[in-house]
Each structure stands twice: as C-alpha cells, then as structure tokens.
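S.K.: Compact mmCIF, C-alpha atoms, saved as protein.txt, coming up:
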```
# COMPACT_ATOMS: atom_id res chain seq x y z
CA MET A 1 0.00 0.00 0.00
CA TYR A 2 2.87 2.33 0.79
CA LEU A 3 4.31 1.89 -2.70
CA LEU A 4 0.94 2.62 -4.32
CA LEU A 5 0.05 5.59 -2.13
CA ALA A 6 3.34 7.41 -1.48
CA VAL A 7 3.41 9.48 -4.68
CA PRO A 8 -0.30 10.42 -4.72
CA LEU A 9 -0.20 11.36 -1.03
CA GLY A 10 2.99 13.33 -1.55
CA ALA A 11 1.23 15.29 -4.29
CA LEU A 12 -1.76 15.78 -1.99
CA ALA A 13 0.58 17.07 0.74
CA ASP A 14 1.93 19.61 -1.75
CA ARG A 15 -1.63 20.85 -2.33
CA ILE A 16 -3.11 20.78 1.18
CA GLY A 17 0.06 21.36 3.20
CA ARG A 18 2.56 18.91 4.56
CA ARG A 19 1.53 19.39 8.18
CA ARG A 20 -2.07 18.49 7.40
CA ALA A 21 -0.96 15.41 5.46
CA PHE A 22 1.24 14.37 8.37
CA VAL A 23 -1.66 14.63 10.82
CA PHE A 24 -3.95 12.84 8.33
CA GLY A 25 -1.48 9.93 8.19
CA HIS A 26 -1.50 9.59 11.96
CA ALA A 27 -5.30 9.73 11.96
CA ALA A 28 -5.25 6.78 9.52
CA LEU A 29 -3.03 4.84 11.93
CA LEU A 30 -5.38 5.68 14.79
CA THR A 31 -8.31 4.44 12.70
CA GLY A 32 -6.46 1.15 12.20
CA TYR A 33 -5.99 0.80 15.96
CA GLY A 34 -9.69 1.55 16.41
CA LEU A 35 -10.70 -1.14 13.95
CA LEU A 36 -8.52 -3.70 15.70
CA LEU A 37 -10.03 -2.77 19.05
CA ALA A 38 -13.60 -2.78 17.76
CA ARG A 39 -13.39 -6.07 15.89
CA PRO A 40 -10.84 -8.43 17.42
CA GLY A 41 -10.45 -11.54 15.32
CA GLY A 42 -12.19 -9.84 12.38
CA GLY A 43 -10.54 -12.07 9.81
CA LEU A 44 -9.26 -11.22 6.37
CA PRO A 45 -11.37 -8.08 5.72
CA LEU A 46 -10.16 -6.53 8.97
CA ALA A 47 -6.55 -7.45 8.22
CA ALA A 48 -6.83 -5.93 4.73
CA ALA A 49 -8.36 -2.70 6.08
CA VAL A 50 -5.72 -2.36 8.80
CA LEU A 51 -2.88 -3.02 6.33
CA LEU A 52 -4.34 -0.42 3.97
CA LEU A 53 -4.51 2.13 6.79
CA HIS A 54 -0.99 1.27 7.93
CA GLY A 55 0.34 1.76 4.40
CA LEU A 56 -1.58 5.03 4.17
CA PHE A 57 0.03 6.15 7.43
CA TYR A 58 3.53 5.55 6.12
CA ALA A 59 2.75 7.03 2.70
CA ALA A 60 1.31 10.20 4.23
CA THR A 61 4.07 10.71 6.80
CA ASP A 62 7.46 9.51 5.54
CA GLY A 63 7.83 11.80 2.56
CA THR A 64 6.16 14.77 4.20
CA LEU A 65 8.40 14.57 7.25
CA ALA A 66 11.46 14.60 5.00
CA ALA A 67 10.06 17.54 3.02
CA VAL A 68 9.32 19.59 6.15
CA ALA A 69 12.72 18.73 7.60
CA ALA A 70 14.50 19.69 4.37
CA GLY A 71 12.90 23.12 4.52
CA ALA A 72 13.83 23.57 8.18
CA VAL A 73 17.49 22.55 7.95
CA PRO A 74 20.07 25.01 6.58
CA GLU A 75 21.28 23.95 3.14
CA GLU A 76 24.89 23.53 4.24
CA ARG A 77 23.74 21.03 6.91
CA ARG A 78 20.91 19.36 4.99
CA GLY A 79 22.50 15.92 4.60
CA ALA A 80 23.37 15.62 8.27
CA GLY A 81 20.05 17.19 9.30
CA LEU A 82 17.97 14.78 7.24
CA ALA A 83 20.06 11.87 8.50
CA LEU A 84 19.39 13.01 12.07
CA VAL A 85 15.64 13.24 11.41
CA GLY A 86 15.63 9.77 9.80
CA THR A 87 17.63 8.33 12.68
CA GLY A 88 15.30 9.92 15.23
CA GLN A 89 12.28 8.58 13.38
CA ALA A 90 13.73 5.05 13.21
CA ALA A 91 14.73 5.17 16.89
CA GLY A 92 11.24 6.36 17.86
CA ARG A 93 9.61 3.55 15.90
CA PHE A 94 11.97 1.02 17.45
CA LEU A 95 11.26 2.23 20.99
CA CYS A 96 7.54 2.26 20.26
CA SER A 97 7.67 -1.32 18.99
CA LEU A 98 9.51 -2.36 22.16
CA ALA A 99 6.86 -0.64 24.29
CA VAL A 100 4.00 -2.30 22.41
CA GLY A 101 5.72 -5.68 22.70
CA ALA A 102 6.21 -5.21 26.43
CA LEU A 103 2.59 -4.12 26.92
CA TRP A 104 1.34 -6.99 24.74
CA THR A 105 3.42 -9.54 26.67
CA ARG A 106 2.42 -8.19 30.07
CA TRP A 107 -1.28 -7.34 29.59
CA GLY A 108 -2.33 -8.76 26.21
CA ASP A 109 -3.22 -7.43 22.80
CA THR A 110 -6.32 -5.43 23.70
CA THR A 111 -4.61 -3.48 26.46
CA ALA A 112 -1.53 -2.85 24.33
CA LEU A 113 -3.63 -1.54 21.43
CA ALA A 114 -5.81 0.54 23.74
CA VAL A 115 -2.78 2.18 25.37
CA MET A 116 -1.17 2.90 21.99
CA ALA A 117 -4.45 4.29 20.64
CA ALA A 118 -4.80 6.54 23.68
CA VAL A 119 -1.21 7.80 23.40
CA LEU A 120 -1.64 8.39 19.66
CA THR A 121 -4.94 10.22 20.24
CA VAL A 122 -3.24 12.58 22.68
CA ALA A 123 -0.29 13.10 20.31
CA VAL A 124 -2.51 13.84 17.30
CA THR A 125 -4.71 16.19 19.35
CA VAL A 126 -1.70 18.10 20.65
CA ALA A 127 -0.18 18.24 17.15
CA VAL A 128 -3.40 19.59 15.64
CA ARG A 129 -3.61 22.30 18.30
CA LEU A 130 0.05 23.26 17.96
CA LEU A 131 -0.09 23.25 14.17
CA GLY A 132 -3.28 25.30 14.31
CA ARG A 133 -1.41 27.96 16.24
CA VAL A 134 1.48 27.87 13.81
CA THR A 135 -0.77 28.15 10.76
CA SER A 136 -2.89 30.92 12.29
CA ASP A 137 0.06 33.23 11.61
CA PRO A 138 -0.49 34.43 8.01
CA GLU A 139 3.23 34.47 7.22
CA ARG A 140 3.66 30.87 8.35
CA ALA A 141 0.37 29.54 6.98
CA THR A 142 2.05 28.43 3.79
CA ALA A 143 5.49 27.79 5.26
CA ASP A 144 5.18 24.08 4.63
CA ARG A 145 4.13 24.54 1.00
CA PRO A 146 6.56 25.07 -1.85
CA ALA A 147 6.95 28.57 -3.22
CA PRO A 148 5.09 29.20 -6.48
CA THR A 149 7.29 29.01 -9.53
CA ASP A 150 7.31 31.38 -12.47
CA PRO A 151 6.07 29.42 -15.52
CA ARG A 152 7.65 31.86 -17.97
CA PRO A 153 10.94 30.85 -19.60
CA HIS A 154 13.98 32.72 -18.33
```
Output the file's structure in the form of structure tokens.
M.R.:
Amino acid sequence: MYLLLAVPLGALADRIGRRRAFVFGHAALLTGYGLLLARPGGGLPLAAAVLLLHGLFYAATDGTLAAVAAGAVPEERRGAGLALVGTGQAAGRFLCSLAVGALWTRWGDTTALAVMAAVLTVAVTVAVRLLGRVTSDPERATADRPAPTDPRPH
C-alpha cells in the first residue's frame, strides 16, 4: 500500500500542506488501531483494512516529514540534518515497537492496542492544536508549502 500511495499522497501534501498530510497519516493509523479494538479476530477483511490504513500512514508521513525537515534545515547542513531526522524517526519507531511488545506480553493485545491508541490520540490532538497555532500566523500559513514558480521561460 505504501508503494501505491506514497506518490499520490505526496502530491496531496503539496496541495493541502505537509503538516495536514502528516496529521492525516496519523489519523489513519489511529483508525487502524480503532478497527482492531472494535473487531478483534475480524478475519481477512479486517486485516486488509488495517494493512491499507498502515500503508496510508507511512505514505502520508514519511515523505512529508522529509520535506518539512528539508525546509527547516540550513542547506549547508541538509544531509546531516535529514540523516538526524531519519535516525530519530527510526529510533522512535523502534522504541515504540519495544513498548508495544512489552505491553502486549504483560497485559495482552487489547490493552496494548488501547494504550497505543490513547497515546496516539493525545499526540494527534496536541499536534493539531500546535499546528493550528502555527498556521494561524499568516506568514507561516504556507510555510510548509513550496513557493510558487514562475512558468515563464527565463
């Protein structure tokens, strides 16, 4: 799903704003958690829906995070800056997977998913509120969008 959705969602992020696309991707992941919690043992249709949402999450967030980071890092430090962002992202995912595994082992799948859904809900809510403040400033409202280009030949 990631391979099919990454380019279209990257183009969508260019139109609607990268921050919105990033939040949208996390909302898709939260929806997947919700489906798993609502229908445990839902069979193949549930698995397909959750895998679709998981691919949508990655497709909506991986490229947009890199694009936002590239705009925030000075050009002379861009390679190291993007490597740092990628490393931080991978480390965060690794630590999260360890936490889910520990919760799952200790208290079972439902509790682990419920805790992760709750944490993700708080994170998405906080992000939406913070990004709303950032984008309420007219000068920064389009800061995550590319500058318009002049279509005339030079």
S.K.: Which polymer residues have any atom within 7 Å of an atom of segment 42-53 of chain A, counting all atoms listed in the file, with same-chain residues fewer than 5 positions away left out, as a PDB file with C-alpha atoms, keeping the file's coordinate frame?
M.R.:
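Contents of part_3.pdb, as written:
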```pdb
ATOM      1  CA  MET A   1       0.000   0.000   0.000  1.00  0.00           C
ATOM      2  CA  ALA A  28      -5.250   6.780   9.520  1.00  0.00           C
ATOM      3  CA  LEU A  29      -3.030   4.840  11.930  1.00  0.00           C
ATOM      4  CA  GLY A  32      -6.460   1.150  12.200  1.00  0.00           C
TER       5      GLY A  32
END
```
S.K.: Between atom CA of Ala66 of chain A and atom CA of Gly92 of chain A, what is the distance, to one decimal in Å?
M.R.: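 Here the two named atoms are 15.3 Å from each other.
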S.K.: Please, which residues are within 10 Å of (-3.4, 2.6, 13.4) by the file's coordinates, counting only C-alpha atoms, and could they come as a PDB file with C-alpha atoms, keeping the file's coordinate frame?
M.R.:
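New file point-v4.pdb:
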```pdb
ATOM      1  CA  GLY A  25      -1.480   9.930   8.190  1.00  0.00           C
ATOM      2  CA  HIS A  26      -1.500   9.590  11.960  1.00  0.00           C
ATOM      3  CA  ALA A  27      -5.300   9.730  11.960  1.00  0.00           C
ATOM      4  CA  ALA A  28      -5.250   6.780   9.520  1.00  0.00           C
ATOM      5  CA  LEU A  29      -3.030   4.840  11.930  1.00  0.00           C
ATOM      6  CA  LEU A  30      -5.380   5.680  14.790  1.00  0.00           C
ATOM      7  CA  THR A  31      -8.310   4.440  12.700  1.00  0.00           C
ATOM      8  CA  GLY A  32      -6.460   1.150  12.200  1.00  0.00           C
ATOM      9  CA  TYR A  33      -5.990   0.800  15.960  1.00  0.00           C
ATOM     10  CA  GLY A  34      -9.690   1.550  16.410  1.00  0.00           C
ATOM     11  CA  LEU A  35     -10.700  -1.140  13.950  1.00  0.00           C
ATOM     12  CA  LEU A  36      -8.520  -3.700  15.700  1.00  0.00           C
ATOM     13  CA  VAL A  50      -5.720  -2.360   8.800  1.00  0.00           C
ATOM     14  CA  LEU A  51      -2.880  -3.020   6.330  1.00  0.00           C
ATOM     15  CA  LEU A  52      -4.340  -0.420   3.970  1.00  0.00           C
ATOM     16  CA  LEU A  53      -4.510   2.130   6.790  1.00  0.00           C
ATOM     17  CA  HIS A  54      -0.990   1.270   7.930  1.00  0.00           C
ATOM     18  CA  GLY A  55       0.340   1.760   4.400  1.00  0.00           C
ATOM     19  CA  LEU A  56      -1.580   5.030   4.170  1.00  0.00           C
ATOM     20  CA  PHE A  57       0.030   6.150   7.430  1.00  0.00           C
ATOM     21  CA  LEU A 113      -3.630  -1.540  21.430  1.00  0.00           C
ATOM     22  CA  MET A 116      -1.170   2.900  21.990  1.00  0.00           C
ATOM     23  CA  ALA A 117      -4.450   4.290  20.640  1.00  0.00           C
ATOM     24  CA  LEU A 120      -1.640   8.390  19.660  1.00  0.00           C
TER      25      LEU A 120
END
```
S.K.: Expressed in Å to a single decimal, how great is the separation between atom CA of Val100 of chain A and atom CA of Ala112 of chain A?
M.R.: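 These atoms are spaced 5.9 Å apart.
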S.K.: Tell me which of A:Leu4, A:Leu98, A:Ala69, A:Ile16 sits closest to Val85 of chain A, counting all atoms listed in the file.
M.R.: A:Ala69
S.K.: Would you mind telling me which residue in A:Val115, A:Ala83, A:Ala123, A:Val73 lies nearest to Leu37 of chain A when using all atoms listed in the file?
M.R.: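 Distance minimum relative to Leu37 of chain A lands on A:Val115.
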S.K.: Which residues, written as a ChimeraX atom specification, have at least one atom at most 12 Å from Gly86 of chain A, with only C-alpha atoms counted and residues fewer than 5 positions away on the same chain left out?
M.R.: /A:61-63,65-67,69-70,78-81,91-93
